[in-house]
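Data block for data00.txt (compact mmCIF, N, CA and C atoms and all ligand atoms):
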# COMPACT_ATOMS: atom_id res chain seq x y z
N MET F 133 14.49 24.22 -14.54
CA MET F 133 14.05 22.85 -14.28
C MET F 133 14.74 22.33 -13.04
N SER F 134 13.97 21.84 -12.08
CA SER F 134 14.63 21.19 -10.94
C SER F 134 14.45 19.69 -11.07
N LEU F 135 15.55 19.01 -10.87
CA LEU F 135 15.57 17.56 -11.01
C LEU F 135 15.36 16.95 -9.63
N LEU F 136 14.41 16.04 -9.52
CA LEU F 136 14.16 15.36 -8.25
C LEU F 136 14.50 13.88 -8.39
N LEU F 137 15.41 13.43 -7.56
CA LEU F 137 15.78 12.02 -7.55
C LEU F 137 15.00 11.31 -6.46
N VAL F 138 14.24 10.31 -6.87
CA VAL F 138 13.45 9.48 -5.94
C VAL F 138 13.83 8.03 -6.21
N VAL F 139 14.05 7.26 -5.16
CA VAL F 139 14.38 5.84 -5.34
C VAL F 139 13.17 5.00 -4.97
N ALA F 140 12.93 3.93 -5.73
CA ALA F 140 11.75 3.10 -5.48
C ALA F 140 12.10 1.63 -5.65
N ALA F 141 11.28 0.78 -5.02
CA ALA F 141 11.53 -0.65 -5.06
C ALA F 141 10.31 -1.42 -5.54
N ALA F 142 10.57 -2.43 -6.37
CA ALA F 142 9.56 -3.44 -6.67
C ALA F 142 9.92 -4.64 -5.80
N LEU F 143 9.21 -4.77 -4.68
CA LEU F 143 9.39 -5.95 -3.83
C LEU F 143 8.60 -7.08 -4.47
N VAL F 144 9.28 -8.20 -4.71
CA VAL F 144 8.64 -9.32 -5.40
C VAL F 144 8.50 -10.49 -4.43
N ASP F 145 7.27 -11.02 -4.30
CA ASP F 145 7.07 -12.16 -3.41
C ASP F 145 7.26 -13.47 -4.18
N PRO F 146 7.23 -14.62 -3.49
CA PRO F 146 7.50 -15.89 -4.17
C PRO F 146 6.50 -16.21 -5.29
N GLN F 147 5.32 -15.60 -5.25
CA GLN F 147 4.32 -15.81 -6.32
C GLN F 147 4.52 -14.86 -7.51
N GLY F 148 5.55 -14.02 -7.43
CA GLY F 148 5.81 -13.09 -8.53
C GLY F 148 4.94 -11.85 -8.50
N ARG F 149 4.37 -11.58 -7.33
CA ARG F 149 3.58 -10.36 -7.19
C ARG F 149 4.45 -9.23 -6.64
N VAL F 150 4.10 -8.00 -6.96
CA VAL F 150 4.86 -6.86 -6.45
C VAL F 150 3.99 -6.03 -5.51
N LEU F 151 4.65 -5.37 -4.58
CA LEU F 151 3.94 -4.60 -3.56
C LEU F 151 3.78 -3.15 -4.00
N ILE F 152 2.55 -2.67 -3.94
CA ILE F 152 2.31 -1.25 -4.19
C ILE F 152 1.60 -0.65 -2.98
N ALA F 153 1.79 0.64 -2.81
CA ALA F 153 1.25 1.34 -1.64
C ALA F 153 0.46 2.56 -2.13
N GLN F 154 -0.62 2.84 -1.41
CA GLN F 154 -1.46 3.97 -1.82
C GLN F 154 -1.00 5.25 -1.15
N ARG F 155 -0.81 6.28 -1.94
CA ARG F 155 -0.37 7.56 -1.36
C ARG F 155 -1.47 8.15 -0.49
N PRO F 156 -1.10 8.54 0.73
CA PRO F 156 -2.10 9.05 1.69
C PRO F 156 -2.73 10.37 1.23
N GLN F 157 -3.95 10.60 1.77
CA GLN F 157 -4.63 11.88 1.52
C GLN F 157 -3.77 13.03 2.00
N GLY F 158 -3.91 14.14 1.34
CA GLY F 158 -3.19 15.33 1.77
C GLY F 158 -1.85 15.49 1.08
N LYS F 159 -1.36 14.42 0.45
CA LYS F 159 -0.09 14.52 -0.26
C LYS F 159 -0.37 14.74 -1.74
N GLN F 160 0.66 15.19 -2.41
CA GLN F 160 0.58 15.28 -3.86
C GLN F 160 0.30 13.87 -4.42
N LEU F 161 -0.52 13.77 -5.44
CA LEU F 161 -0.86 12.48 -6.08
C LEU F 161 -1.58 11.53 -5.11
N ALA F 162 -2.31 12.09 -4.14
CA ALA F 162 -3.01 11.29 -3.14
C ALA F 162 -3.94 10.28 -3.79
N GLY F 163 -4.00 9.08 -3.21
CA GLY F 163 -4.90 8.05 -3.70
C GLY F 163 -4.32 7.17 -4.79
N LEU F 164 -3.26 7.62 -5.43
CA LEU F 164 -2.64 6.80 -6.47
C LEU F 164 -1.74 5.74 -5.82
N TRP F 165 -1.55 4.65 -6.56
CA TRP F 165 -0.74 3.54 -6.05
C TRP F 165 0.68 3.65 -6.59
N GLU F 166 1.66 3.50 -5.70
CA GLU F 166 3.05 3.72 -6.10
C GLU F 166 3.95 2.60 -5.56
N PHE F 167 5.15 2.58 -6.08
CA PHE F 167 6.16 1.68 -5.52
C PHE F 167 6.74 2.34 -4.28
N PRO F 168 6.95 1.57 -3.21
CA PRO F 168 7.53 2.15 -1.99
C PRO F 168 8.88 2.79 -2.28
N GLY F 169 9.16 3.86 -1.58
CA GLY F 169 10.43 4.55 -1.77
C GLY F 169 10.29 6.01 -1.41
N GLY F 170 11.23 6.81 -1.84
CA GLY F 170 11.15 8.24 -1.54
C GLY F 170 12.41 8.97 -1.90
N LYS F 171 12.48 10.20 -1.38
CA LYS F 171 13.61 11.09 -1.71
C LYS F 171 14.84 10.73 -0.88
N LEU F 172 15.99 11.16 -1.37
CA LEU F 172 17.23 10.97 -0.63
C LEU F 172 17.39 12.06 0.42
N ASP F 173 17.90 11.70 1.57
CA ASP F 173 18.33 12.70 2.54
C ASP F 173 19.69 13.23 2.10
N PRO F 174 20.05 14.43 2.55
CA PRO F 174 21.35 14.99 2.13
C PRO F 174 22.50 14.04 2.45
N GLY F 175 23.35 13.82 1.48
CA GLY F 175 24.53 12.99 1.69
C GLY F 175 24.31 11.49 1.57
N GLU F 176 23.04 11.10 1.40
CA GLU F 176 22.72 9.67 1.33
C GLU F 176 23.00 9.09 -0.05
N ARG F 177 23.44 7.84 -0.08
CA ARG F 177 23.52 7.13 -1.35
C ARG F 177 22.13 6.60 -1.69
N PRO F 178 21.85 6.43 -3.00
CA PRO F 178 20.49 6.01 -3.38
C PRO F 178 20.06 4.70 -2.72
N GLU F 179 20.94 3.72 -2.70
CA GLU F 179 20.56 2.42 -2.13
C GLU F 179 20.32 2.52 -0.63
N GLN F 180 21.14 3.35 0.03
CA GLN F 180 20.95 3.59 1.48
C GLN F 180 19.59 4.21 1.73
N ALA F 181 19.25 5.18 0.89
CA ALA F 181 17.97 5.89 1.05
C ALA F 181 16.81 4.91 0.90
N LEU F 182 16.95 4.00 -0.05
CA LEU F 182 15.86 3.05 -0.28
C LEU F 182 15.74 2.08 0.89
N VAL F 183 16.86 1.62 1.40
CA VAL F 183 16.84 0.74 2.58
C VAL F 183 16.14 1.46 3.74
N ARG F 184 16.46 2.73 3.94
CA ARG F 184 15.83 3.52 5.01
C ARG F 184 14.32 3.68 4.78
N GLU F 185 13.95 4.03 3.56
CA GLU F 185 12.52 4.23 3.25
C GLU F 185 11.72 2.94 3.45
N LEU F 186 12.30 1.81 3.05
CA LEU F 186 11.59 0.53 3.19
C LEU F 186 11.41 0.17 4.66
N ALA F 187 12.39 0.53 5.48
CA ALA F 187 12.26 0.30 6.92
C ALA F 187 11.20 1.23 7.50
N GLU F 188 11.23 2.50 7.13
CA GLU F 188 10.28 3.48 7.67
C GLU F 188 8.85 3.19 7.24
N GLU F 189 8.67 2.87 5.96
CA GLU F 189 7.31 2.74 5.42
C GLU F 189 6.71 1.36 5.68
N LEU F 190 7.57 0.33 5.64
CA LEU F 190 7.05 -1.05 5.64
C LEU F 190 7.58 -1.90 6.79
N GLY F 191 8.53 -1.39 7.54
CA GLY F 191 9.08 -2.14 8.66
C GLY F 191 9.89 -3.35 8.26
N ILE F 192 10.46 -3.35 7.07
CA ILE F 192 11.29 -4.49 6.66
C ILE F 192 12.75 -4.07 6.58
N GLU F 193 13.61 -5.08 6.70
CA GLU F 193 15.05 -4.85 6.66
C GLU F 193 15.58 -5.41 5.34
N VAL F 194 16.20 -4.56 4.56
CA VAL F 194 16.71 -4.95 3.25
C VAL F 194 18.21 -4.68 3.22
N ALA F 195 18.98 -5.59 2.60
CA ALA F 195 20.41 -5.38 2.41
C ALA F 195 20.62 -4.72 1.05
N THR F 196 21.54 -3.76 0.99
CA THR F 196 21.75 -3.08 -0.30
C THR F 196 22.14 -4.09 -1.38
N ALA F 197 22.81 -5.17 -1.00
CA ALA F 197 23.21 -6.19 -1.98
C ALA F 197 22.00 -6.87 -2.61
N ASP F 198 20.83 -6.78 -1.98
CA ASP F 198 19.63 -7.41 -2.51
C ASP F 198 18.77 -6.45 -3.33
N LEU F 199 19.31 -5.28 -3.64
CA LEU F 199 18.62 -4.32 -4.50
C LEU F 199 19.26 -4.38 -5.89
N ALA F 200 18.51 -4.86 -6.86
CA ALA F 200 19.04 -4.98 -8.23
C ALA F 200 18.38 -3.94 -9.13
N PRO F 201 19.18 -3.14 -9.84
CA PRO F 201 18.58 -2.14 -10.74
C PRO F 201 17.72 -2.83 -11.80
N LEU F 202 16.50 -2.32 -11.99
CA LEU F 202 15.62 -2.91 -13.01
C LEU F 202 15.40 -1.95 -14.17
N THR F 203 14.93 -0.75 -13.86
CA THR F 203 14.65 0.24 -14.90
C THR F 203 14.52 1.59 -14.20
N PHE F 204 14.14 2.61 -14.93
CA PHE F 204 13.95 3.91 -14.27
C PHE F 204 12.85 4.69 -14.96
N ALA F 205 12.28 5.63 -14.21
CA ALA F 205 11.30 6.56 -14.77
C ALA F 205 11.96 7.91 -14.94
N SER F 206 11.65 8.57 -16.02
CA SER F 206 12.09 9.95 -16.26
C SER F 206 10.86 10.70 -16.74
N HIS F 207 10.34 11.56 -15.87
CA HIS F 207 9.02 12.15 -16.17
C HIS F 207 8.98 13.62 -15.79
N ALA F 208 8.46 14.43 -16.69
CA ALA F 208 8.33 15.86 -16.43
C ALA F 208 7.01 16.15 -15.74
N TYR F 209 7.05 16.38 -14.42
CA TYR F 209 5.90 16.94 -13.72
C TYR F 209 5.98 18.45 -13.87
N GLU F 210 4.88 19.12 -13.52
CA GLU F 210 4.86 20.57 -13.73
C GLU F 210 5.94 21.26 -12.89
N ALA F 211 6.08 20.82 -11.65
CA ALA F 211 6.97 21.54 -10.73
C ALA F 211 8.41 21.03 -10.72
N PHE F 212 8.63 19.84 -11.26
CA PHE F 212 9.99 19.27 -11.23
C PHE F 212 10.06 18.14 -12.25
N HIS F 213 11.28 17.74 -12.56
CA HIS F 213 11.47 16.56 -13.40
C HIS F 213 11.88 15.41 -12.49
N LEU F 214 11.09 14.36 -12.54
CA LEU F 214 11.35 13.20 -11.68
C LEU F 214 12.26 12.19 -12.38
N LEU F 215 13.33 11.84 -11.71
CA LEU F 215 14.17 10.74 -12.16
C LEU F 215 14.11 9.68 -11.07
N MET F 216 13.58 8.51 -11.41
CA MET F 216 13.32 7.52 -10.37
C MET F 216 13.80 6.13 -10.77
N PRO F 217 14.98 5.73 -10.27
CA PRO F 217 15.41 4.36 -10.48
C PRO F 217 14.49 3.40 -9.73
N LEU F 218 14.16 2.29 -10.40
CA LEU F 218 13.35 1.24 -9.76
C LEU F 218 14.23 0.01 -9.57
N TYR F 219 14.37 -0.39 -8.32
CA TYR F 219 15.18 -1.56 -7.97
C TYR F 219 14.26 -2.74 -7.73
N LEU F 220 14.73 -3.92 -8.13
CA LEU F 220 14.01 -5.15 -7.84
C LEU F 220 14.57 -5.75 -6.56
N CYS F 221 13.68 -6.22 -5.70
CA CYS F 221 14.12 -6.81 -4.44
C CYS F 221 13.27 -8.04 -4.15
N ARG F 222 13.95 -9.18 -4.01
CA ARG F 222 13.23 -10.43 -3.75
C ARG F 222 13.47 -10.96 -2.34
N ARG F 223 14.37 -10.29 -1.61
CA ARG F 223 14.72 -10.81 -0.28
C ARG F 223 14.75 -9.69 0.75
N TRP F 224 14.09 -9.94 1.87
CA TRP F 224 14.08 -8.96 2.97
C TRP F 224 13.76 -9.71 4.25
N ARG F 225 13.97 -9.04 5.35
CA ARG F 225 13.62 -9.61 6.66
C ARG F 225 12.41 -8.88 7.21
N GLY F 226 11.46 -9.67 7.75
CA GLY F 226 10.24 -9.09 8.30
C GLY F 226 9.11 -9.18 7.30
N GLU F 227 7.92 -8.86 7.78
CA GLU F 227 6.72 -8.90 6.95
C GLU F 227 6.32 -7.46 6.64
N PRO F 228 6.25 -7.10 5.35
CA PRO F 228 5.88 -5.71 5.05
C PRO F 228 4.51 -5.35 5.63
N HIS F 229 4.46 -4.27 6.38
CA HIS F 229 3.18 -3.80 6.90
C HIS F 229 3.18 -2.27 6.84
N ALA F 230 1.99 -1.71 6.79
CA ALA F 230 1.88 -0.27 6.59
C ALA F 230 2.20 0.47 7.88
N ARG F 231 3.36 1.08 7.95
CA ARG F 231 3.75 1.79 9.17
C ARG F 231 3.29 3.23 9.14
N GLU F 232 2.80 3.68 7.99
CA GLU F 232 2.37 5.08 7.88
C GLU F 232 0.90 5.17 7.50
N GLY F 233 0.14 4.10 7.79
CA GLY F 233 -1.30 4.12 7.55
C GLY F 233 -1.71 3.96 6.10
N GLN F 234 -0.74 3.71 5.24
CA GLN F 234 -1.07 3.59 3.82
C GLN F 234 -1.66 2.20 3.51
N ALA F 235 -2.53 2.11 2.51
CA ALA F 235 -3.02 0.80 2.07
C ALA F 235 -1.93 0.14 1.24
N LEU F 236 -1.83 -1.19 1.39
CA LEU F 236 -0.83 -1.96 0.64
C LEU F 236 -1.54 -3.01 -0.19
N ALA F 237 -0.95 -3.38 -1.33
CA ALA F 237 -1.52 -4.45 -2.15
C ALA F 237 -0.42 -5.18 -2.89
N TRP F 238 -0.55 -6.51 -2.93
CA TRP F 238 0.36 -7.33 -3.75
C TRP F 238 -0.35 -7.59 -5.08
N MET F 239 0.31 -7.22 -6.17
CA MET F 239 -0.33 -7.34 -7.48
C MET F 239 0.59 -8.02 -8.47
N ARG F 240 -0.01 -8.82 -9.36
CA ARG F 240 0.76 -9.29 -10.50
C ARG F 240 1.05 -8.09 -11.38
N PRO F 241 2.26 -7.99 -11.95
CA PRO F 241 2.55 -6.84 -12.80
C PRO F 241 1.53 -6.68 -13.93
N SER F 242 1.05 -7.81 -14.48
CA SER F 242 0.08 -7.71 -15.57
C SER F 242 -1.25 -7.12 -15.11
N GLU F 243 -1.47 -7.05 -13.78
CA GLU F 243 -2.71 -6.46 -13.26
C GLU F 243 -2.54 -4.99 -12.87
N LEU F 244 -1.30 -4.51 -12.92
CA LEU F 244 -1.08 -3.12 -12.51
C LEU F 244 -1.76 -2.21 -13.52
N ASP F 245 -2.68 -1.47 -13.04
CA ASP F 245 -3.42 -0.58 -13.93
C ASP F 245 -2.72 0.77 -13.93
N ALA F 246 -2.13 1.09 -15.05
CA ALA F 246 -1.35 2.32 -15.14
C ALA F 246 -2.16 3.53 -14.70
N ALA F 247 -3.45 3.47 -14.92
CA ALA F 247 -4.29 4.63 -14.61
C ALA F 247 -4.32 4.92 -13.11
N GLN F 248 -4.09 3.90 -12.29
CA GLN F 248 -4.15 4.12 -10.85
C GLN F 248 -2.79 4.42 -10.25
N MET F 249 -1.79 4.58 -11.10
CA MET F 249 -0.45 4.91 -10.61
C MET F 249 -0.09 6.30 -11.13
N PRO F 250 0.89 6.95 -10.51
CA PRO F 250 1.28 8.26 -11.02
C PRO F 250 1.73 8.15 -12.47
N PRO F 251 1.56 9.21 -13.25
CA PRO F 251 1.89 9.13 -14.68
C PRO F 251 3.34 8.71 -14.93
N ALA F 252 4.23 9.05 -14.02
CA ALA F 252 5.64 8.68 -14.19
C ALA F 252 5.83 7.17 -14.20
N ASP F 253 4.90 6.43 -13.59
CA ASP F 253 5.10 4.99 -13.39
C ASP F 253 4.69 4.14 -14.59
N ALA F 254 3.94 4.71 -15.51
CA ALA F 254 3.41 3.90 -16.62
C ALA F 254 4.49 3.10 -17.35
N PRO F 255 5.65 3.71 -17.69
CA PRO F 255 6.67 2.94 -18.41
C PRO F 255 7.38 1.87 -17.57
N LEU F 256 7.12 1.86 -16.27
CA LEU F 256 7.79 0.88 -15.41
C LEU F 256 7.09 -0.47 -15.45
N ILE F 257 5.86 -0.48 -15.92
CA ILE F 257 5.06 -1.70 -15.83
C ILE F 257 5.53 -2.75 -16.85
N ALA F 258 5.82 -2.34 -18.07
CA ALA F 258 6.22 -3.32 -19.10
C ALA F 258 7.46 -4.13 -18.71
N PRO F 259 8.52 -3.51 -18.19
CA PRO F 259 9.67 -4.32 -17.79
C PRO F 259 9.33 -5.31 -16.67
N LEU F 260 8.40 -4.94 -15.79
CA LEU F 260 8.00 -5.87 -14.74
C LEU F 260 7.19 -7.03 -15.31
N VAL F 261 6.33 -6.72 -16.26
CA VAL F 261 5.54 -7.78 -16.91
C VAL F 261 6.47 -8.72 -17.68
N ALA F 262 7.47 -8.14 -18.35
CA ALA F 262 8.40 -8.97 -19.13
C ALA F 262 9.16 -9.93 -18.21
N LEU F 263 9.46 -9.45 -17.01
CA LEU F 263 10.23 -10.27 -16.09
C LEU F 263 9.37 -11.28 -15.33
N LEU F 264 8.19 -10.84 -14.93
CA LEU F 264 7.40 -11.63 -13.97
C LEU F 264 6.05 -12.10 -14.52
N GLY F 265 5.61 -11.54 -15.60
CA GLY F 265 4.33 -11.91 -16.19
C GLY F 265 3.15 -11.21 -15.58
N1 LIG D 301 7.85 6.51 -3.92
C1 LIG D 301 7.36 6.78 -5.11
N2 LIG D 301 7.23 8.07 -5.54
C2 LIG D 301 6.73 8.27 -6.77
C3 LIG D 301 6.33 7.20 -7.60
N3 LIG D 301 5.87 7.72 -8.77
C4 LIG D 301 5.95 9.06 -8.68
O1 LIG D 301 5.64 9.87 -9.54
N4 LIG D 301 6.47 9.41 -7.46
C5 LIG D 301 6.70 10.78 -7.02
C6 LIG D 301 5.70 11.27 -6.02
C7 LIG D 301 6.49 12.32 -5.24
O2 LIG D 301 6.50 13.52 -5.99
C8 LIG D 301 7.88 11.74 -5.26
C9 LIG D 301 8.17 10.90 -4.03
O3 LIG D 301 8.32 11.73 -2.99
P1 LIG D 301 8.04 11.26 -1.51
O4 LIG D 301 6.97 10.22 -1.47
O5 LIG D 301 9.31 10.98 -0.85
O6 LIG D 301 7.58 12.58 -0.90
P2 LIG D 301 6.09 13.18 -0.84
O7 LIG D 301 5.65 13.70 -2.15
O8 LIG D 301 5.23 12.18 -0.20
O9 LIG D 301 6.32 14.43 0.06
P3 LIG D 301 6.99 14.57 1.48
O10 LIG D 301 7.22 13.22 2.07
O11 LIG D 301 8.24 15.32 1.17
O12 LIG D 301 5.98 15.35 2.22
O13 LIG D 301 7.95 10.90 -6.41
C10 LIG D 301 6.45 5.86 -7.14
O14 LIG D 301 6.12 4.86 -7.80
N5 LIG D 301 6.99 5.71 -5.89
Now, as a test, write the supplied structure out as structure tokens.
Amino acid sequence: MSLLLVVAAALVDPQGRVLIAQRPQGKQLAGLWEFPGGKLDPGERPEQALVRELAEELGIEVATADLAPLTFASHAYEAFHLLMPLYLCRRWRGEPHAREGQALAWMRPSELDAAQMPPADAPLIAPLVALLG
């Protein structure tokens, strides 16, 4: 079993909506909607990696102090076991925009359709609904 650590963020806007991004064609799980984030580079701390991914993917600047642990996913994919902490973030600099051509959407957690997200993400929705409605 290989364990894959991926860090992800629920960016929350003032209306209580969270940002999801569509995985581009050609990648594993293409077309599904996910929380922004990604894998750690060698030697990186998880929060550092998430700050870097948010800058690369969305062009926003986030301080590690503004990343609050919310919950995590633990899911057995065929090729690896995914362990994915989900951080809540309500404060950033800049306007999130798709820097990698991905579609973006702000959604109320209660509207997140588990079917359109990777299977690992299904258990992440209830804690977001509990917090934000
Ligand atoms: N960022 C993110 N990844 C997720 C979520 N749910 C989920 O199963 N994953 C999986 C998909 C990928 O296997 C992995 C994230 O890897 P990644 O986005 O950094 O890398 P990738 O698969 O696009 O591949 P690559 O960049 O190395 O080419 O975690 C999610 O909500 N957000």
Return as AutoDock Vina command-line options the box centre and box size in Å, one decimal, for an axis-aligned box around all listed atoms of ligand LIG 301 (chain D) padded by 5 Å per side.
--center_x 7.3 --center_y 10.1 --center_z -3.7 --size_x 14.1 --size_y 20.5 --size_z 21.8
Write down as a PyMOL selection string the residues of chain F whose backbone DSSP state falls under strand (DSSP E).
chain F and resi 135-143+150-154+165-166+169-171+200-208+213-221+236-239
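With distances restricted to all atoms listed in the file, F:Val139 is the closest residue to ligand LIG 301 (chain D) from F:Leu260, F:Val194, F:Val139, F:Val150.
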Please report as a tab-separated table every residue of chain F lying within 7 Å of ligand LIG 301 (chain D), along with the nearest atom pair and their distance in Å (one decimal), using all atoms listed in the file.
residue	atom	partner	partner_atom	distance
F:Val138	CA	D:LIG301	O13	5.7
F:Val139	C	D:LIG301	N1	5.6
F:Ala140	CA	D:LIG301	N1	5.4
F:Ala141	N	D:LIG301	N5	6.6
F:Lys159	CA	D:LIG301	O8	5.8
F:Gln160	N	D:LIG301	O7	5.2
F:Leu161	CA	D:LIG301	C6	6.7
F:Trp165	C	D:LIG301	O14	5.7
F:Glu166	CA	D:LIG301	O14	3.7
F:Phe167	N	D:LIG301	O14	3.0
F:Pro168	C	D:LIG301	N1	4.2
F:Gly169	C	D:LIG301	N1	3.5
F:Gly170	CA	D:LIG301	O5	3.4
F:Lys171	N	D:LIG301	O5	3.3
F:Leu172	N	D:LIG301	O5	6.7
F:Leu214	CA	D:LIG301	O13	6.7
F:Met249	C	D:LIG301	N3	6.6
F:Pro250	CA	D:LIG301	O1	4.9
F:Pro251	N	D:LIG301	O1	5.6
F:Ala252	N	D:LIG301	O1	4.8
F:Asp253	N	D:LIG301	N3	5.1
Would you pick out the contacts of Ala200 (chain F) at 8 Å or less, using only N, CA and C atoms, so that residues sharing its chain but fewer than 3 positions from it are not included, and give the list as a PDB file with N, CA and C atoms, in the coordinates of the input?
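Printed below is out32.pdb as written:
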ATOM      1  N   THR F 196      21.540  -3.760   0.990  1.00  0.00           N
ATOM      2  CA  THR F 196      21.750  -3.080  -0.300  1.00  0.00           C
ATOM      3  C   THR F 196      22.140  -4.090  -1.380  1.00  0.00           C
ATOM      4  N   ALA F 197      22.810  -5.170  -1.000  1.00  0.00           N
ATOM      5  CA  ALA F 197      23.210  -6.190  -1.980  1.00  0.00           C
ATOM      6  C   ALA F 197      22.000  -6.870  -2.610  1.00  0.00           C
ATOM      7  N   THR F 203      14.930  -0.750 -13.860  1.00  0.00           N
ATOM      8  CA  THR F 203      14.650   0.240 -14.900  1.00  0.00           C
ATOM      9  C   THR F 203      14.520   1.590 -14.200  1.00  0.00           C
ATOM     10  N   LEU F 218      14.160   2.290 -10.400  1.00  0.00           N
ATOM     11  CA  LEU F 218      13.350   1.240  -9.760  1.00  0.00           C
ATOM     12  C   LEU F 218      14.230   0.010  -9.570  1.00  0.00           C
ATOM     13  N   TYR F 219      14.370  -0.390  -8.320  1.00  0.00           N
ATOM     14  CA  TYR F 219      15.180  -1.560  -7.970  1.00  0.00           C
ATOM     15  C   TYR F 219      14.260  -2.740  -7.730  1.00  0.00           C
ATOM     16  N   LEU F 220      14.730  -3.920  -8.130  1.00  0.00           N
ATOM     17  CA  LEU F 220      14.010  -5.150  -7.840  1.00  0.00           C
ATOM     18  C   LEU F 220      14.570  -5.750  -6.560  1.00  0.00           C
ATOM     19  N   CYS F 221      13.680  -6.220  -5.700  1.00  0.00           N
ATOM     20  CA  CYS F 221      14.120  -6.810  -4.440  1.00  0.00           C
ATOM     21  C   CYS F 221      13.270  -8.040  -4.150  1.00  0.00           C
ATOM     22  N   ARG F 222      13.950  -9.180  -4.010  1.00  0.00           N
ATOM     23  CA  ARG F 222      13.230 -10.430  -3.750  1.00  0.00           C
ATOM     24  C   ARG F 222      13.470 -10.960  -2.340  1.00  0.00           C
TER      25      ARG F 222
END
Can you measure atom N of Trp238 (chain F) to CA of Leu151 (chain F) for me? One decimal in Å is fine.
4.9 Å
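You can rank F:Ser242, F:Gly226, F:Glu193, F:Arg155 by their closest distance to Leu256 (chain F) using only C-alpha atoms, and at the top of that list sits F:Ser242.
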